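**Q** What follows is coords31.cif, mmCIF, C-alpha atoms.
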data_my_file
#
loop_
_atom_site.label_atom_id
_atom_site.label_comp_id
_atom_site.auth_asym_id
_atom_site.auth_seq_id
_atom_site.Cartn_x
_atom_site.Cartn_y
_atom_site.Cartn_z
CA PHE A 24 -19.41 -31.63 -4.27
CA VAL A 25 -19.82 -35.12 -5.73
CA ILE A 26 -18.73 -36.09 -9.21
CA ASN A 27 -21.47 -38.50 -10.27
CA GLN A 28 -20.52 -39.18 -13.87
CA PRO A 29 -17.69 -41.04 -15.60
CA ASP A 30 -15.31 -39.18 -17.89
CA LEU A 31 -13.50 -41.19 -20.56
CA GLU A 32 -10.34 -39.41 -21.65
CA THR A 33 -7.70 -40.10 -24.31
CA ASP A 34 -5.56 -38.29 -26.92
CA ASP A 35 -3.17 -38.89 -29.83
CA THR A 36 -0.21 -39.63 -27.54
CA LYS A 37 -1.99 -42.70 -26.15
CA VAL A 38 -2.20 -44.55 -29.47
CA THR A 39 0.39 -47.12 -30.49
CA LEU A 40 0.85 -49.68 -33.25
CA SER A 41 2.32 -53.16 -33.35
CA ASN A 42 4.39 -52.01 -36.34
CA PHE A 43 5.05 -48.41 -37.38
CA ASN A 44 6.73 -49.65 -40.59
CA PRO A 45 4.23 -52.18 -41.93
CA THR A 46 4.07 -53.87 -45.30
CA LEU A 47 1.03 -53.82 -47.57
CA GLY A 48 -1.40 -56.54 -46.52
CA GLU A 49 0.08 -56.87 -43.02
CA ASN A 50 -2.37 -57.38 -40.17
CA ILE A 51 -1.35 -54.92 -37.46
CA THR A 52 -2.72 -54.26 -33.98
CA ILE A 53 -3.80 -50.78 -32.90
CA TRP A 54 -3.87 -50.05 -29.16
CA ILE A 55 -5.18 -47.05 -27.27
CA ASN A 56 -5.04 -46.20 -23.58
CA VAL A 57 -8.33 -44.78 -22.28
CA SER A 58 -8.66 -43.34 -18.77
CA ASN A 59 -11.68 -42.67 -16.60
CA ILE A 60 -11.04 -39.37 -14.80
CA GLY A 61 -14.64 -39.05 -13.62
CA GLY A 62 -16.34 -40.00 -10.38
CA GLN A 63 -18.27 -43.07 -11.52
CA PRO A 64 -17.17 -46.32 -13.19
CA ALA A 65 -17.53 -46.52 -16.96
CA ASP A 66 -18.89 -50.05 -17.30
CA ASN A 67 -19.08 -51.62 -20.77
CA ALA A 68 -17.27 -48.67 -22.30
CA VAL A 69 -17.00 -49.01 -26.08
CA VAL A 70 -14.06 -47.75 -28.12
CA ALA A 71 -14.47 -47.75 -31.92
CA PHE A 72 -11.74 -47.62 -34.56
CA PHE A 73 -12.20 -46.11 -38.05
CA ASP A 74 -10.17 -45.72 -41.23
CA GLY A 75 -10.80 -41.99 -41.61
CA ASN A 76 -13.03 -39.63 -39.67
CA PRO A 77 -16.47 -41.29 -39.42
CA GLY A 78 -18.05 -37.87 -39.74
CA SER A 79 -16.51 -37.60 -43.20
CA GLY A 80 -17.17 -41.10 -44.48
CA GLY A 81 -14.52 -43.00 -42.52
CA LEU A 82 -14.84 -46.78 -42.61
CA PHE A 83 -15.49 -48.79 -39.45
CA ILE A 84 -12.58 -51.10 -38.55
CA GLY A 85 -13.68 -52.63 -35.25
CA ASN A 86 -14.41 -51.94 -31.61
CA ASP A 87 -13.50 -53.15 -28.14
CA THR A 88 -15.48 -53.10 -24.88
CA LYS A 89 -14.10 -52.92 -21.33
CA ASN A 90 -14.99 -51.71 -17.86
CA VAL A 91 -12.96 -48.65 -16.83
CA ALA A 92 -12.95 -48.06 -13.09
CA ILE A 93 -12.68 -44.66 -11.42
CA ASN A 94 -9.15 -43.16 -11.72
CA SER A 95 -7.90 -46.05 -13.80
CA SER A 96 -7.06 -46.83 -17.42
CA GLU A 97 -7.65 -49.70 -19.82
CA ILE A 98 -6.03 -50.70 -23.10
CA PHE A 99 -8.47 -51.12 -25.98
CA GLN A 100 -7.42 -52.71 -29.24
CA THR A 101 -8.35 -53.89 -32.69
CA THR A 102 -6.57 -55.29 -35.73
CA TRP A 103 -6.42 -53.85 -39.24
CA ILE A 104 -4.96 -55.00 -42.56
CA VAL A 105 -2.78 -52.27 -44.09
CA THR A 106 -3.89 -51.18 -47.56
CA GLN A 107 -2.55 -48.71 -50.10
CA GLY A 108 -2.81 -45.04 -49.17
CA TYR A 109 -2.08 -42.63 -46.34
CA HIS A 110 -4.61 -43.52 -43.65
CA LEU A 111 -5.93 -41.48 -40.75
CA ILE A 112 -6.93 -43.96 -38.06
CA TYR A 113 -9.64 -42.28 -36.00
CA ILE A 114 -10.45 -43.69 -32.56
CA SER A 115 -13.46 -42.71 -30.49
CA ALA A 116 -14.37 -43.65 -26.92
CA ASP A 117 -18.14 -43.96 -26.44
CA PRO A 118 -18.77 -43.08 -30.12
CA GLN A 119 -22.56 -43.31 -29.77
CA ASN A 120 -22.60 -41.11 -26.64
CA GLN A 121 -24.29 -43.87 -24.67
CA LYS A 122 -22.73 -42.57 -21.46
CA ALA A 123 -23.35 -39.17 -19.91
CA GLU A 124 -19.87 -37.83 -19.20
CA LEU A 125 -18.44 -34.81 -17.47
CA ASN A 126 -16.59 -33.88 -20.67
CA GLU A 127 -17.60 -35.12 -24.11
CA THR A 128 -14.74 -33.38 -25.96
CA ASN A 129 -11.82 -35.54 -24.81
CA ASN A 130 -12.87 -38.90 -26.26
CA ASN A 131 -11.07 -38.96 -29.63
CA ALA A 132 -7.58 -39.69 -30.90
CA THR A 133 -5.91 -40.17 -34.29
CA ILE A 134 -2.78 -41.64 -35.82
CA PHE A 135 -1.56 -41.81 -39.43
CA ILE A 136 -0.50 -45.12 -41.01
CA SER A 137 0.97 -45.97 -44.40
CA ALA A 138 3.20 -48.62 -45.91
CA LEU A 139 6.62 -47.89 -47.42
CA TRP A 140 7.67 -50.14 -50.29
CA ALA A 141 9.93 -50.24 -53.32
CA ASN A 142 10.56 -52.44 -56.31
CA ILE A 143 12.62 -52.55 -59.49
CA THR A 144 10.27 -52.36 -62.46
CA SER A 145 13.00 -52.62 -65.12
CA PRO A 146 15.05 -54.53 -66.18
CA LEU A 147 13.33 -57.87 -65.78
CA ASN A 148 14.68 -60.47 -63.41
CA ASN A 149 17.38 -62.69 -64.94
CA SER A 150 18.10 -60.26 -67.78
CA TRP A 151 21.28 -60.60 -69.88
CA TRP A 152 23.30 -57.60 -71.10
CA ASN A 153 26.54 -57.11 -73.01
CA THR A 154 27.31 -53.63 -71.65
CA PRO A 155 28.60 -52.75 -68.15
CA GLU A 156 26.05 -49.97 -67.52
CA LYS A 157 22.32 -50.50 -67.35
CA GLU A 158 19.42 -48.14 -66.68
CA PHE A 159 17.16 -49.26 -63.84
CA ILE A 160 13.64 -47.99 -63.17
CA ILE A 161 12.80 -47.85 -59.46
CA ASN A 162 9.35 -47.43 -57.92
CA MET A 163 9.33 -46.05 -54.35
CA THR A 164 6.05 -45.34 -52.56
CA ASP A 165 4.96 -44.38 -49.05
CA TYR A 166 1.75 -42.41 -49.89
CA THR A 167 2.89 -39.28 -48.01
CA GLY A 168 3.76 -37.19 -51.07
CA ASN A 169 7.27 -36.57 -49.74
CA ASN A 170 10.70 -37.46 -51.09
CA ILE A 171 12.27 -40.87 -50.53
CA ASP A 172 16.03 -41.49 -50.42
CA TYR A 173 17.49 -44.65 -51.90
CA GLU A 174 20.74 -46.59 -52.13
CA VAL A 175 21.73 -49.30 -54.60
CA TYR A 176 23.00 -52.65 -53.33
CA VAL A 177 24.79 -55.12 -55.58
CA ASP A 178 25.62 -58.58 -54.25
CA THR A 179 24.58 -57.45 -50.69
CA LEU A 180 26.99 -54.45 -50.71
CA PHE A 181 26.21 -50.76 -51.12
CA ASN A 182 27.80 -49.88 -54.46
CA GLY A 183 28.08 -46.13 -53.81
CA GLU A 184 25.17 -45.12 -56.05
CA PHE A 185 22.26 -43.30 -54.40
CA GLY A 186 19.65 -40.65 -55.00
CA THR A 187 16.34 -39.09 -54.00
CA GLY A 188 12.99 -39.65 -55.68
CA GLN A 189 9.44 -38.50 -55.14
CA ASP A 190 6.79 -40.70 -53.61
CA GLY A 191 5.08 -42.73 -56.33
CA ILE A 192 7.16 -41.30 -59.21
CA LEU A 193 9.34 -43.72 -61.19
CA GLN A 194 13.04 -43.00 -60.72
CA LEU A 195 15.74 -43.69 -63.32
CA GLN A 196 19.13 -44.86 -62.06
CA ASN A 197 22.12 -46.00 -64.12
CA ILE A 198 24.06 -48.81 -62.43
CA THR A 199 27.52 -49.95 -63.49
CA PHE A 200 28.54 -53.60 -63.19
CA VAL A 201 31.56 -55.80 -63.71
CA GLU A 202 31.14 -58.94 -65.74
CA GLY A 203 29.22 -61.76 -64.11
CA THR A 204 25.91 -62.52 -62.44
CA HIS A 205 24.73 -60.02 -59.86
CA ASP A 206 21.89 -59.66 -57.37
CA VAL A 207 20.51 -56.11 -57.17
CA TYR A 208 18.14 -54.54 -54.66
CA ILE A 209 17.26 -51.06 -53.45
CA LYS A 210 17.26 -49.71 -49.89
CA VAL A 211 14.78 -46.86 -49.33
CA ASN A 212 14.45 -44.40 -46.43
CA ASP A 213 11.44 -42.07 -46.26
CA SER A 214 10.69 -38.79 -44.47
CA LEU A 215 9.29 -40.72 -41.49
CA ASN A 216 12.74 -42.33 -41.07
CA ARG A 217 11.44 -45.75 -42.10
CA VAL A 218 13.64 -48.18 -44.01
CA LYS A 219 12.62 -50.90 -46.44
CA TYR A 220 14.34 -53.08 -49.04
CA SER A 221 12.99 -53.89 -52.47
CA PRO A 222 12.82 -57.47 -53.69
CA GLY A 223 16.05 -58.35 -55.44
CA ILE A 224 16.54 -59.17 -59.10
CA GLU A 225 19.32 -61.07 -60.85
CA ILE A 226 21.16 -59.50 -63.78
CA ASN A 227 23.78 -61.11 -65.99
CA ILE A 228 26.58 -59.11 -67.62
CA ASP A 229 28.54 -60.82 -70.41
CA LEU A 230 31.22 -58.59 -71.94
CA THR A 231 32.82 -61.33 -74.01
CA ASP A 232 33.05 -60.49 -77.68
CA PRO A 233 30.94 -62.83 -79.80
CA GLU A 234 32.86 -65.43 -81.71
CA ALA A 235 32.41 -65.65 -85.44
CA VAL A 236 31.40 -69.07 -86.62
CA PHE A 237 31.94 -69.97 -90.28
CA GLY A 238 30.12 -72.85 -91.82
#
Once more with this new file: its structure as structure tokens, please.
**A**
Amino acid sequence: FVINQPDLETDDTKVTLSNFNPTLGENITIWINVSNIGGQPADNAVVAFFDGNPGSGGLFIGNDTKNVAINSSEIFQTTWIVTQGYHLIYISADPQNQKAELNETNNNATIFISALWANITSPLNNSWWNTPEKEFIINMTDYTGNNIDYEVYVDTLFNGEFGTGQDGILQLQNITFVEGTHDVYIKVNDSLNRVKYSPGIEINIDLTDPEAVFG
């Protein structure tokens, strides 16, 4: 009995990313390990990467070509710029079925990618207030539809105020300050156990009573 065909094989566990917690606009690398478990070399084997299932309108990202010897594996890769949304990265070995293989059902793998981010939408940076408590509006997004936990940091220290918001839904949070100028930012932690920090803003609290000036 002679096995006279190659057999490219991969699965979801053989996909990895250069960054599992990317930022929007970041150019990440996607790697996949593809094995040849058949009896013939798989020369010029093509692996294609898609944003979404190509059978359902997924967009082509890129491809990589390598020779995969008998009973060996090769790492194929491409790069992709992270955009808004929850993305299914679909990877297919020999996507055009150019090679006759022993098994055509073990050529695909997938991984989900999204970016976690947060910002303070209100108040504006460098705002001035004459009361110690101010309502902040926080935007937290990871495109998964799940809840996101957050903590408030004032002057680089956790101030004890925290909460949970829903992905993409503005969250109201009252923050209490002492008099002075303060830097404020938000730490967020999503259901995928990823952590990010919002850009900071500066807020000025002046509790001094106004002086009456008589002309």
**Q** If we count all atoms listed in the file, what is near region 148-165 of chain A at a cut-off of 8 Å, once residues fewer than 2 positions away on the same chain are taken out, given as a count of residues only?
**A** 40
**Q** Quick one: residues within 9 Å of region 76-89 of chain A, all atoms listed in the file, excluding same-chain residues fewer than 4 positions away - as a ChimeraX atom specification?
**A** /A:65-72,97-103,111-114,133
**Q** Could you state which residues are captured by the PyMOL selection byres ((chain A and resi 61) around 8) in this file, as a ChimeraX atom specification?
**A** /A:26-31,59-60,62-64,93-94,124-125
**Q** For the atom pair CA of Asn170 (chain A) and CA of Ile104 (chain A), what is the interatomic distance in Å to one decimal place?
**A**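 Atom-to-atom, CA of Asn170 (chain A) to CA of Ile104 (chain A), that is 25.0 Å.
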**Q** Just checking: using all atoms listed in the file, which residue out of A:Tyr208, A:Phe73, A:Val175, A:Asn182 ends up closest to Ser221 (chain A)?
**A**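 Comparing A:Tyr208, A:Phe73, A:Val175, A:Asn182 against Ser221 (chain A), the winner is A:Tyr208.
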**Q** Report, in Å to a single decimal, how far apart CA of Ile55 (chain A) and CA of Ser214 (chain A) are.
**A**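 Between CA of Ser214 (chain A) and CA of Ile55 (chain A) the gap works out to 24.8 Å.
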**Q** Which residue, A:Asn44, A:Val57, A:Gly183, A:Phe135, has the smallest gap to Asn216 (chain A) when you use only C-alpha atoms?
**A**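 Nearest to Asn216 (chain A): A:Asn44.
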**Q** Choose the residue, out of A:Val38, A:Val207, A:Val218, A:Ile51, that has the smallest atom-to-atom separation from Ala132 (chain A); count all atoms listed in the file.
**A**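 Nearest to Ala132 (chain A): A:Val38.
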**Q** What is the distance, in Å and to one decimal place, between CA of Lys219 (chain A) and CA of Ser41 (chain A)?
**A**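 Computing it gives 16.8 Å between the two atoms.
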**Q** Give the answer as one residue: which of A:Ser58, A:Ile136, A:Asp74, A:Ala116 has the shortest atom-to-atom distance to Ala92 (chain A), using all atoms listed in the file?
**A**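 Distance minimum relative to Ala92 (chain A) lands on A:Ser58.
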**Q** Can you find the residues with an atom no farther than 9 Å from (-19.6, -41.2, -29.6), counting only C-alpha atoms, and report them as a short mmCIF file (atom, residue, chain, number, x, y, z; two decimals) with C-alpha atoms, in the coordinates of the input?
**A**
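Final file, selection-v9.cif:
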data_model
loop_
_atom_site.label_atom_id
_atom_site.label_comp_id
_atom_site.auth_asym_id
_atom_site.auth_seq_id
_atom_site.Cartn_x
_atom_site.Cartn_y
_atom_site.Cartn_z
CA VAL A 69 -17.00 -49.01 -26.08
CA VAL A 70 -14.06 -47.75 -28.12
CA ALA A 71 -14.47 -47.75 -31.92
CA SER A 115 -13.46 -42.71 -30.49
CA ALA A 116 -14.37 -43.65 -26.92
CA ASP A 117 -18.14 -43.96 -26.44
CA PRO A 118 -18.77 -43.08 -30.12
CA GLN A 119 -22.56 -43.31 -29.77
CA ASN A 120 -22.60 -41.11 -26.64
CA GLN A 121 -24.29 -43.87 -24.67
CA LYS A 122 -22.73 -42.57 -21.46
CA GLU A 127 -17.60 -35.12 -24.11
CA ASN A 130 -12.87 -38.90 -26.26
CA ASN A 131 -11.07 -38.96 -29.63
#
**Q** Add whatever atoms are absent from region 59-85 of chain A to reach N, CA, C and O atoms, and provide the output as a compact mmCIF listing (two decimals), keeping the file's coordinate frame.
**A**
# COMPACT_ATOMS: atom_id res chain seq x y z
N ASN A 59 -10.44 -43.18 -17.16
CA ASN A 59 -11.68 -42.67 -16.60
C ASN A 59 -11.31 -41.69 -15.49
O ASN A 59 -10.91 -42.11 -14.39
N ILE A 60 -11.42 -40.39 -15.79
CA ILE A 60 -11.04 -39.37 -14.80
C ILE A 60 -12.27 -38.80 -14.10
O ILE A 60 -12.19 -37.77 -13.43
N GLY A 61 -13.41 -39.49 -14.27
CA GLY A 61 -14.64 -39.05 -13.62
C GLY A 61 -14.84 -39.68 -12.25
O GLY A 61 -13.94 -40.32 -11.69
N GLY A 62 -16.04 -39.54 -11.73
CA GLY A 62 -16.34 -40.00 -10.38
C GLY A 62 -17.19 -41.25 -10.32
O GLY A 62 -17.60 -41.67 -9.23
N GLN A 63 -17.49 -41.84 -11.47
CA GLN A 63 -18.27 -43.07 -11.52
C GLN A 63 -17.59 -44.04 -12.49
O GLN A 63 -16.93 -43.62 -13.44
N PRO A 64 -17.74 -45.35 -12.25
CA PRO A 64 -17.17 -46.32 -13.19
C PRO A 64 -17.81 -46.18 -14.57
O PRO A 64 -18.98 -45.82 -14.69
N ALA A 65 -17.02 -46.48 -15.59
CA ALA A 65 -17.53 -46.52 -16.96
C ALA A 65 -17.61 -47.98 -17.38
O ALA A 65 -16.68 -48.53 -17.99
N ASP A 66 -18.72 -48.63 -16.99
CA ASP A 66 -18.89 -50.05 -17.30
C ASP A 66 -19.30 -50.23 -18.76
O ASP A 66 -20.07 -49.43 -19.31
N ASN A 67 -18.78 -51.31 -19.36
CA ASN A 67 -19.08 -51.62 -20.77
C ASN A 67 -18.80 -50.43 -21.69
O ASN A 67 -19.58 -50.13 -22.60
N ALA A 68 -17.66 -49.79 -21.44
CA ALA A 68 -17.27 -48.67 -22.30
C ALA A 68 -16.82 -49.21 -23.66
O ALA A 68 -16.06 -50.16 -23.75
N VAL A 69 -17.31 -48.59 -24.71
CA VAL A 69 -17.00 -49.01 -26.08
C VAL A 69 -16.02 -48.02 -26.70
O VAL A 69 -16.21 -46.80 -26.60
N VAL A 70 -14.98 -48.56 -27.34
CA VAL A 70 -14.06 -47.75 -28.12
C VAL A 70 -14.10 -48.27 -29.56
O VAL A 70 -13.93 -49.47 -29.80
N ALA A 71 -14.35 -47.38 -30.51
CA ALA A 71 -14.47 -47.75 -31.92
C ALA A 71 -13.30 -47.20 -32.72
O ALA A 71 -12.80 -46.10 -32.45
N PHE A 72 -12.88 -47.97 -33.71
CA PHE A 72 -11.74 -47.62 -34.56
C PHE A 72 -12.23 -47.46 -36.00
O PHE A 72 -12.99 -48.31 -36.50
N PHE A 73 -11.76 -46.40 -36.69
CA PHE A 73 -12.20 -46.11 -38.05
C PHE A 73 -11.00 -45.80 -38.94
O PHE A 73 -9.99 -45.25 -38.48
N ASP A 74 -11.13 -46.14 -40.21
CA ASP A 74 -10.17 -45.72 -41.23
C ASP A 74 -10.71 -44.42 -41.82
O ASP A 74 -11.52 -44.43 -42.74
N GLY A 75 -10.26 -43.30 -41.25
CA GLY A 75 -10.80 -41.99 -41.61
C GLY A 75 -11.79 -41.51 -40.57
O GLY A 75 -12.33 -42.28 -39.77
N ASN A 76 -12.06 -40.23 -40.59
CA ASN A 76 -13.03 -39.63 -39.67
C ASN A 76 -14.43 -40.13 -40.02
O ASN A 76 -14.89 -39.94 -41.15
N PRO A 77 -15.14 -40.77 -39.09
CA PRO A 77 -16.47 -41.29 -39.42
C PRO A 77 -17.46 -40.19 -39.80
O PRO A 77 -18.43 -40.45 -40.52
N GLY A 78 -17.19 -38.98 -39.35
CA GLY A 78 -18.05 -37.87 -39.74
C GLY A 78 -17.86 -37.43 -41.18
O GLY A 78 -18.66 -36.66 -41.71
N SER A 79 -16.79 -37.95 -41.81
CA SER A 79 -16.51 -37.60 -43.20
C SER A 79 -16.42 -38.85 -44.07
O SER A 79 -15.70 -38.86 -45.07
N GLY A 80 -17.13 -39.89 -43.68
CA GLY A 80 -17.17 -41.10 -44.48
C GLY A 80 -16.14 -42.15 -44.11
O GLY A 80 -15.94 -43.11 -44.87
N GLY A 81 -15.48 -42.01 -42.96
CA GLY A 81 -14.52 -43.00 -42.52
C GLY A 81 -15.14 -44.37 -42.35
O GLY A 81 -16.31 -44.50 -41.97
N LEU A 82 -14.34 -45.41 -42.63
CA LEU A 82 -14.84 -46.78 -42.61
C LEU A 82 -14.59 -47.42 -41.24
O LEU A 82 -13.50 -47.31 -40.68
N PHE A 83 -15.60 -48.10 -40.73
CA PHE A 83 -15.49 -48.79 -39.45
C PHE A 83 -14.49 -49.93 -39.56
O PHE A 83 -14.53 -50.74 -40.49
N ILE A 84 -13.57 -50.01 -38.60
CA ILE A 84 -12.58 -51.10 -38.55
C ILE A 84 -13.00 -52.15 -37.53
O ILE A 84 -13.03 -53.35 -37.80
N GLY A 85 -13.31 -51.71 -36.31
CA GLY A 85 -13.68 -52.63 -35.25
C GLY A 85 -13.86 -51.88 -33.95
O GLY A 85 -13.64 -50.66 -33.87
